[in-house]
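Heads up: the structure comes next, in C-alpha cells.
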Amino acid sequence: MSESSLVPERQLVFSPGLAATIGLGEAILLQQLQGLFDHHSSRVRDGHAWLSVERALLLRTLPFWSVEDLQRISRSLVDKGVLLVSSPPLQESERLEFAFNERVHRAAVPPAVTPPPASAPRPGRRSACLLPVHWSPSEDLLQLLGLNHNIPRQFALDQLEDFIYYWRERGETSHAWENKFRQHVISNWRHHQQSQAESFRAPDNSKLDNDWRPSLDAMEIMERGGIEREFIEEAIPEFILYWRERGAAPRELNSKFIQHIRIQWARYSSSMEHSTEPKRIMENWQPTEDVFDILRMSHIDTEFARSLLPEFIVYWRDSNQTHTSWNSKFLQHVKYHWAKRHQIERAGHQNAGQQGSNPTGRTRDRSLQDDLTDTSWAD
C-alpha cells in the first residue's frame with residue numbers, strides 16, 4: 001500500500017482522555033517522553049526511573065515546537081505533579097533529565113532488552129469490561145481533578161458510590177472507566193457550584209417588610225463566626241427599622257446584614273465582662289461606655305437608655321439575683337423597651353385618635369402599674 005503524500009511522516013499518537021484532563025500539548029509531550037523509555041536506558045534514583053535525552057532529539061521529533069514551547073509545556077507537567085525534572089531550563093541546557101512522578105519498586109530495566117510479548121495488550125487498548133464492584137479511581141486522576149478543576153478530593157470520592165451503582169445497573173462495558181468517572185465528577189461539581197450560588201441569592205429586596213428574614217446561608221455564616229443566634233434575632237427588627245426609615249433597602253440585604261451583625265458583635269463581645277463569678281448589681285452601677293457605643297450603632301437614643309437605668313437597678317436589687325454580666329442584661333433591657341416603643345408608635349399611627357393610645361411608649365408615659373407588672377425583659 002503506497003503512502004499518501006499528505007501524511008509523509010510517522011504520526012504522533014496521544015490519548016484524547018489524557019488531553020482532556022491535562023491539556024493537549026501536555027498529553028503529546030507526556031506520551032512522547034513515555035515512548036523514549038522504549039529505546040533508552042533509565043536509571044533508578046530516589047525511587048523513580050530517570051531518563052536523560054538530548055534537547056535536539058526532542059526538537060527533531062516535535063518540530064512544531066520551539067525550545068521555549070518545550071520548556072513551557074514540561075514546566076506545566078511539573079506543576080501538575082505529573083513529571084519530575086532535575087535538569088536546568090531547556091533554554092540553558094542541552095539535555096532534559098526527567099522522571100514520571102510514580103515510584104518504581106524494582107530496578108529499572110531498559111524496556112528494549114525485555115520487551116513485552118507481541119500479543120500482550122497495550123495500555124489504553126485493553127478490552128472493554130464491566131465496571132468492578134470495588135472499582136476506584138487512580139490517585140493520579142484525583143490529583144488532576146484537583147489541579148485542573150479545583151475539585152476537592154473528598155468530593156470526587158463521594159461520587160464513587162453513585163457512579164458504580166449507575167454503570168453496573170446499566171450493564172455496559174468500557175475500557176476507559178477513569179475517563180467516564182472524570183466526566184461524572186466534573187458534571188456533578190458544576191451542578192454543586194451552581195446550586196450553591198443559587199442558594200445564596202438574596203430574595204427580592206424591593207420590598208422590605210416586617211417579615212423579612214436573613215437567608216439560611218447568611219445565618220449559617222454568622223453562626224459559624226461564633227455569633228449567638230439570639231443576638232442575631234434581636235438585631236433583625238433594628239435592621240429593618242433602620243433601612244425602612246432611610247426609604248430604600250440596599251441591593252444586597254444579606255451581605256449588609258452580615259456586615260452589620262459582625263460590627264455589633266465585635267463591639268458587644270469586647271464590652272462584656274467575662275468574670276466566672278456571678279454577683280449582685282451595685283446601687284451605683286453604671287454600664288460601660290462600650291454599651292452606649294453599641295446602642296448608638298443600633299440607632300438607639302442614649303438618653304432613652306439612661307432613663308431606663310434607675311428602674312433596671314431597682315428591679316434587679318429587689319430580685320436579689322446574681323449575674324456574671326450586668327452590661328449584657330442592660331443591653332437586652334434597653335433593646336426590648338426600644339423595640340416596644342416603636343411598636344407602640346406604629347400602632348399609634350394606625351389607630352390615630354383612639355382613646356388610651358400611647359404613641360411615645362416611654363417609661364415615664366406609662367402607668368406605674370404597667371411598669372411594675374411588665375418584667376418580660378428580665379427573662
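Residues are referred to by chain and number: the chain letter is A, B, ... according to the order shown in the C-alpha cells, the number counts from 1 in that chain, and ligands are numbered separately from 1 in the order shown.
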
ask   = Near Leu90 of chain A, within 8 Å and counting only C-alpha atoms, which residues show up once chain neighbours fewer than 2 positions away are dropped, as a count of residues only?
value = 11

If you run DSSP on the backbone, which residues of segment 118-331 of chain A are strand (DSSP E), as a short mmCIF file (atom, residue, chain, number, x, y, z; two decimals) with N, CA and C atoms, in the first residue's frame?
```
data_model
loop_
_atom_site.label_atom_id
_atom_site.label_comp_id
_atom_site.auth_asym_id
_atom_site.auth_seq_id
_atom_site.Cartn_x
_atom_site.Cartn_y
_atom_site.Cartn_z
N CYS A 129 -14.65 -3.99 29.59
CA CYS A 129 -15.12 -4.88 30.64
C CYS A 129 -16.16 -4.16 31.48
N LEU A 130 -16.90 -4.97 32.24
CA LEU A 130 -17.86 -4.39 33.18
C LEU A 130 -17.12 -3.67 34.30
N THR A 173 -20.20 -2.10 29.16
CA THR A 173 -18.77 -2.31 29.30
C THR A 173 -18.01 -1.11 28.75
N SER A 174 -16.79 -0.94 29.22
CA SER A 174 -15.95 0.15 28.76
C SER A 174 -14.50 -0.19 29.04
#
```

inquiry  = Give me the residues near segment 187-190 of chain A as JSON, numbers by chain, where near means some atom within 12 Å (using only C-alpha atoms) and where sequence neighbours in that chain fewer than 2 positions away do not count.
reply    = {"A": [145, 146, 149, 150, 151, 152, 153, 154, 155, 156, 157, 158, 159, 160, 162, 163, 180, 181, 182, 183, 184, 185, 192, 193, 194, 195, 196, 197]}

Go ahead and save the picked residues with N, CA and C atoms, as a JSON list (two decimals), in the first residue's frame.
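For reference, again_12.json as written:
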```json
[["chain", "number", "residue", "atom", "x", "y", "z"],
["A", 145, "LEU", "N", -7.90, 16.11, 38.96],
["A", 145, "LEU", "CA", -9.18, 16.78, 39.16],
["A", 145, "LEU", "C", -9.01, 18.00, 40.08],
["A", 146, "GLY", "N", -8.16, 17.86, 41.07],
["A", 146, "GLY", "CA", -7.91, 18.99, 41.95],
["A", 146, "GLY", "C", -7.10, 20.08, 41.28],
["A", 149, "HIS", "N", -9.38, 21.37, 37.90],
["A", 149, "HIS", "CA", -10.75, 21.83, 38.09],
["A", 149, "HIS", "C", -11.03, 22.29, 39.52],
["A", 150, "ASN", "N", -10.02, 22.26, 40.37],
["A", 150, "ASN", "CA", -10.17, 22.70, 41.76],
["A", 150, "ASN", "C", -11.25, 21.90, 42.49],
["A", 151, "ILE", "N", -11.34, 20.62, 42.17],
["A", 151, "ILE", "CA", -12.34, 19.76, 42.79],
["A", 151, "ILE", "C", -11.72, 19.08, 44.00],
["A", 152, "PRO", "N", -12.28, 19.23, 45.20],
["A", 152, "PRO", "CA", -11.71, 18.59, 46.38],
["A", 152, "PRO", "C", -11.70, 17.08, 46.25],
["A", 153, "ARG", "N", -10.68, 16.46, 46.79],
["A", 153, "ARG", "CA", -10.53, 15.01, 46.73],
["A", 153, "ARG", "C", -11.76, 14.30, 47.33],
["A", 154, "GLN", "N", -12.23, 14.80, 48.49],
["A", 154, "GLN", "CA", -13.35, 14.14, 49.15],
["A", 154, "GLN", "C", -14.62, 14.23, 48.31],
["A", 155, "PHE", "N", -14.81, 15.36, 47.61],
["A", 155, "PHE", "CA", -16.00, 15.49, 46.76],
["A", 155, "PHE", "C", -15.98, 14.43, 45.66],
["A", 156, "ALA", "N", -14.81, 14.23, 45.04],
["A", 156, "ALA", "CA", -14.70, 13.22, 43.98],
["A", 156, "ALA", "C", -15.00, 11.83, 44.53],
["A", 157, "LEU", "N", -14.45, 11.51, 45.69],
["A", 157, "LEU", "CA", -14.68, 10.18, 46.27],
["A", 157, "LEU", "C", -16.14, 9.99, 46.67],
["A", 158, "ASP", "N", -16.82, 11.06, 47.05],
["A", 158, "ASP", "CA", -18.23, 10.96, 47.42],
["A", 158, "ASP", "C", -19.11, 10.59, 46.24],
["A", 159, "GLN", "N", -18.63, 10.82, 45.00],
["A", 159, "GLN", "CA", -19.42, 10.48, 43.81],
["A", 159, "GLN", "C", -19.24, 9.02, 43.39],
["A", 160, "LEU", "N", -18.31, 8.31, 44.03],
["A", 160, "LEU", "CA", -17.94, 6.97, 43.57],
["A", 160, "LEU", "C", -19.07, 5.98, 43.70],
["A", 162, "ASP", "N", -22.41, 6.34, 43.69],
["A", 162, "ASP", "CA", -23.44, 6.52, 42.67],
["A", 162, "ASP", "C", -22.93, 6.13, 41.28],
["A", 163, "PHE", "N", -21.66, 6.43, 41.01],
["A", 163, "PHE", "CA", -21.07, 6.10, 39.72],
["A", 163, "PHE", "C", -21.07, 4.59, 39.49],
["A", 180, "LYS", "N", -14.63, 8.08, 32.15],
["A", 180, "LYS", "CA", -16.06, 8.23, 32.46],
["A", 180, "LYS", "C", -16.25, 8.82, 33.87],
["A", 181, "PHE", "N", -15.42, 8.35, 34.81],
["A", 181, "PHE", "CA", -15.54, 8.86, 36.17],
["A", 181, "PHE", "C", -15.16, 10.35, 36.22],
["A", 182, "ARG", "N", -14.13, 10.72, 35.47],
["A", 182, "ARG", "CA", -13.72, 12.13, 35.42],
["A", 182, "ARG", "C", -14.88, 13.00, 34.94],
["A", 183, "GLN", "N", -15.55, 12.58, 33.84],
["A", 183, "GLN", "CA", -16.67, 13.35, 33.31],
["A", 183, "GLN", "C", -17.82, 13.41, 34.32],
["A", 184, "HIS", "N", -18.06, 12.29, 35.01],
["A", 184, "HIS", "CA", -19.13, 12.21, 36.01],
["A", 184, "HIS", "C", -18.87, 13.21, 37.15],
["A", 185, "VAL", "N", -17.64, 13.24, 37.64],
["A", 185, "VAL", "CA", -17.30, 14.12, 38.76],
["A", 185, "VAL", "C", -17.37, 15.59, 38.34],
["A", 192, "HIS", "N", -23.08, 21.26, 41.60],
["A", 192, "HIS", "CA", -22.92, 21.61, 43.01],
["A", 192, "HIS", "C", -22.61, 23.10, 43.17],
["A", 193, "GLN", "N", -21.70, 23.62, 42.34],
["A", 193, "GLN", "CA", -21.36, 25.04, 42.42],
["A", 193, "GLN", "C", -22.54, 25.92, 42.04],
["A", 194, "GLN", "N", -23.31, 25.47, 41.03],
["A", 194, "GLN", "CA", -24.46, 26.26, 40.60],
["A", 194, "GLN", "C", -25.52, 26.31, 41.70],
["A", 195, "SER", "N", -25.77, 25.18, 42.36],
["A", 195, "SER", "CA", -26.77, 25.15, 43.43],
["A", 195, "SER", "C", -26.34, 26.00, 44.61],
["A", 196, "GLN", "N", -25.02, 26.01, 44.90],
["A", 196, "GLN", "CA", -24.53, 26.85, 45.99],
["A", 196, "GLN", "C", -24.74, 28.33, 45.67],
["A", 197, "ALA", "N", -24.46, 28.71, 44.43],
["A", 197, "ALA", "CA", -24.62, 30.11, 44.04],
["A", 197, "ALA", "C", -26.09, 30.53, 44.12]]
```

Point-to-point distance in Å for atom CA of Arg317 of chain A and atom CA of Ala235 of chain A = 27.8 Å

task = Could you give me, as a VMD selection string, each residue of segment 110-307 of chain A that DSSP assigns to helix (DSSP H, G or I) when run on this structure's backbone?
result = chain A and resid 139 to 149 153 to 158 160 to 170 177 to 199 216 to 224 229 to 246 253 to 271 289 to 297 302 to 307

Only C-alpha atoms, please: the residues just picked out, written as a compact mmCIF listing (two decimals), in the first residue's frame.
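In the end it all went to out14.txt:
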```
# COMPACT_ATOMS: atom_id res chain seq x y z
CA GLU A 139 -4.57 8.63 42.72
CA ASP A 140 -3.30 10.46 39.60
CA LEU A 141 -6.86 11.13 38.44
CA LEU A 142 -7.86 12.52 41.84
CA GLN A 143 -4.85 14.83 41.82
CA LEU A 144 -5.55 16.02 38.27
CA LEU A 145 -9.18 16.78 39.16
CA GLY A 146 -7.91 18.99 41.95
CA LEU A 147 -5.22 20.67 39.86
CA ASN A 148 -7.26 21.33 36.72
CA HIS A 149 -10.75 21.83 38.09
CA ARG A 153 -10.53 15.01 46.73
CA GLN A 154 -13.35 14.14 49.15
CA PHE A 155 -16.00 15.49 46.76
CA ALA A 156 -14.70 13.22 43.98
CA LEU A 157 -14.68 10.18 46.27
CA ASP A 158 -18.23 10.96 47.42
CA LEU A 160 -17.94 6.97 43.57
CA GLU A 161 -20.86 5.01 45.04
CA ASP A 162 -23.44 6.52 42.67
CA PHE A 163 -21.07 6.10 39.72
CA ILE A 164 -20.55 2.38 40.36
CA TYR A 165 -24.26 1.76 41.01
CA TYR A 166 -25.32 3.57 37.82
CA TRP A 167 -22.97 1.76 35.43
CA ARG A 168 -23.43 -1.68 36.98
CA GLU A 169 -27.19 -1.25 36.73
CA ARG A 170 -26.83 -0.43 33.03
CA TRP A 177 -13.71 3.86 33.26
CA GLU A 178 -11.36 6.54 34.58
CA ASN A 179 -12.36 8.90 31.80
CA LYS A 180 -16.06 8.23 32.46
CA PHE A 181 -15.54 8.86 36.17
CA ARG A 182 -13.72 12.13 35.42
CA GLN A 183 -16.67 13.35 33.31
CA HIS A 184 -19.13 12.21 36.01
CA VAL A 185 -17.30 14.12 38.76
CA ILE A 186 -16.85 17.31 36.71
CA SER A 187 -20.55 17.36 35.80
CA ASN A 188 -21.62 16.88 39.42
CA TRP A 189 -19.14 19.54 40.59
CA ARG A 190 -20.62 22.10 38.20
CA HIS A 191 -24.14 21.33 39.43
CA HIS A 192 -22.92 21.61 43.01
CA GLN A 193 -21.36 25.04 42.42
CA GLN A 194 -24.46 26.26 40.60
CA SER A 195 -26.77 25.15 43.43
CA GLN A 196 -24.53 26.85 45.99
CA ALA A 197 -24.62 30.11 44.04
CA GLU A 198 -28.42 29.97 43.72
CA SER A 199 -28.96 29.19 47.40
CA LEU A 216 -30.34 30.38 55.76
CA ASP A 217 -26.85 30.74 54.29
CA ALA A 218 -26.41 34.15 55.91
CA MET A 219 -27.50 32.74 59.29
CA GLU A 220 -25.09 29.84 58.91
CA ILE A 221 -22.19 32.18 58.07
CA MET A 222 -22.83 34.32 61.14
CA GLU A 223 -23.26 31.35 63.49
CA ARG A 224 -20.06 29.78 62.16
CA ARG A 229 -28.40 33.15 67.31
CA GLU A 230 -30.33 35.09 69.98
CA PHE A 231 -28.12 38.14 69.33
CA ILE A 232 -28.86 37.87 65.59
CA GLU A 233 -32.61 37.53 66.13
CA GLU A 234 -32.70 40.61 68.38
CA ALA A 235 -30.92 42.70 65.77
CA ILE A 236 -33.35 41.96 62.92
CA PRO A 237 -36.07 44.48 63.94
CA GLU A 238 -33.46 47.23 64.38
CA PHE A 239 -32.01 46.45 60.95
CA ILE A 240 -35.45 46.55 59.31
CA LEU A 241 -36.36 49.79 61.06
CA TYR A 242 -33.11 51.48 60.04
CA TRP A 243 -33.49 50.73 56.33
CA ARG A 244 -37.21 51.45 56.25
CA GLU A 245 -36.58 54.88 57.77
CA ARG A 246 -33.96 55.53 55.10
CA LEU A 253 -29.66 42.81 52.12
CA ASN A 254 -27.99 39.61 53.34
CA SER A 255 -24.49 40.99 52.87
CA LYS A 256 -25.43 44.26 54.58
CA PHE A 257 -26.98 42.39 57.47
CA ILE A 258 -23.91 40.16 57.94
CA GLN A 259 -21.67 43.23 57.97
CA HIS A 260 -23.98 44.98 60.45
CA ILE A 261 -24.06 41.99 62.82
CA ARG A 262 -20.31 41.39 62.70
CA ILE A 263 -19.57 45.00 63.69
CA GLN A 264 -22.13 44.97 66.51
CA TRP A 265 -20.99 41.57 67.78
CA ALA A 266 -17.36 42.67 67.90
CA ARG A 267 -18.24 45.71 69.98
CA TYR A 268 -20.65 43.71 72.11
CA SER A 269 -18.09 40.99 72.83
CA SER A 270 -15.42 43.50 73.79
CA SER A 271 -17.79 45.23 76.21
CA GLU A 289 -19.16 53.32 77.59
CA ASP A 290 -18.93 50.43 75.11
CA VAL A 291 -22.56 49.59 75.92
CA PHE A 292 -23.66 53.05 74.80
CA ASP A 293 -21.47 52.74 71.70
CA ILE A 294 -23.32 49.55 70.77
CA LEU A 295 -26.67 51.23 71.37
CA ARG A 296 -25.66 54.18 69.18
CA MET A 297 -24.66 51.74 66.42
CA THR A 302 -28.59 57.31 74.51
CA GLU A 303 -30.83 59.46 76.69
CA PHE A 304 -33.60 56.92 76.31
CA ALA A 305 -31.23 54.22 77.55
CA ARG A 306 -30.11 56.32 80.54
CA SER A 307 -33.73 56.95 81.52
```

inquiry  = Just the number, please: distance in Å from atom CA of Asp209 of chain A to atom CA of Lys340 of chain A, one decimal.
reply    =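 One can read the atom CA of Asp209 of chain A to atom CA of Lys340 of chain A distance as 17.3 Å.
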
task = Measuring atom to atom with only C-alpha atoms, identify which of A:Val314, A:Val104, A:Leu208, A:Met282 is nearest to Arg43 of chain A.
result = A:Val104

key: Atom pair atom CA of Asn284 of chain A / atom CA of His299 of chain A: separation (Å)   =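 So the two atoms, atom CA of Asn284 of chain A and atom CA of His299 of chain A, lie 26.1 Å apart.
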
key: Which of A:Trp65, A:Trp338, A:Phe100, A:Trp316 sits closest to Gly47 of chain A [using only C-alpha atoms]   =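 Closest to Gly47 of chain A, using only C-alpha atoms: A:Phe100.
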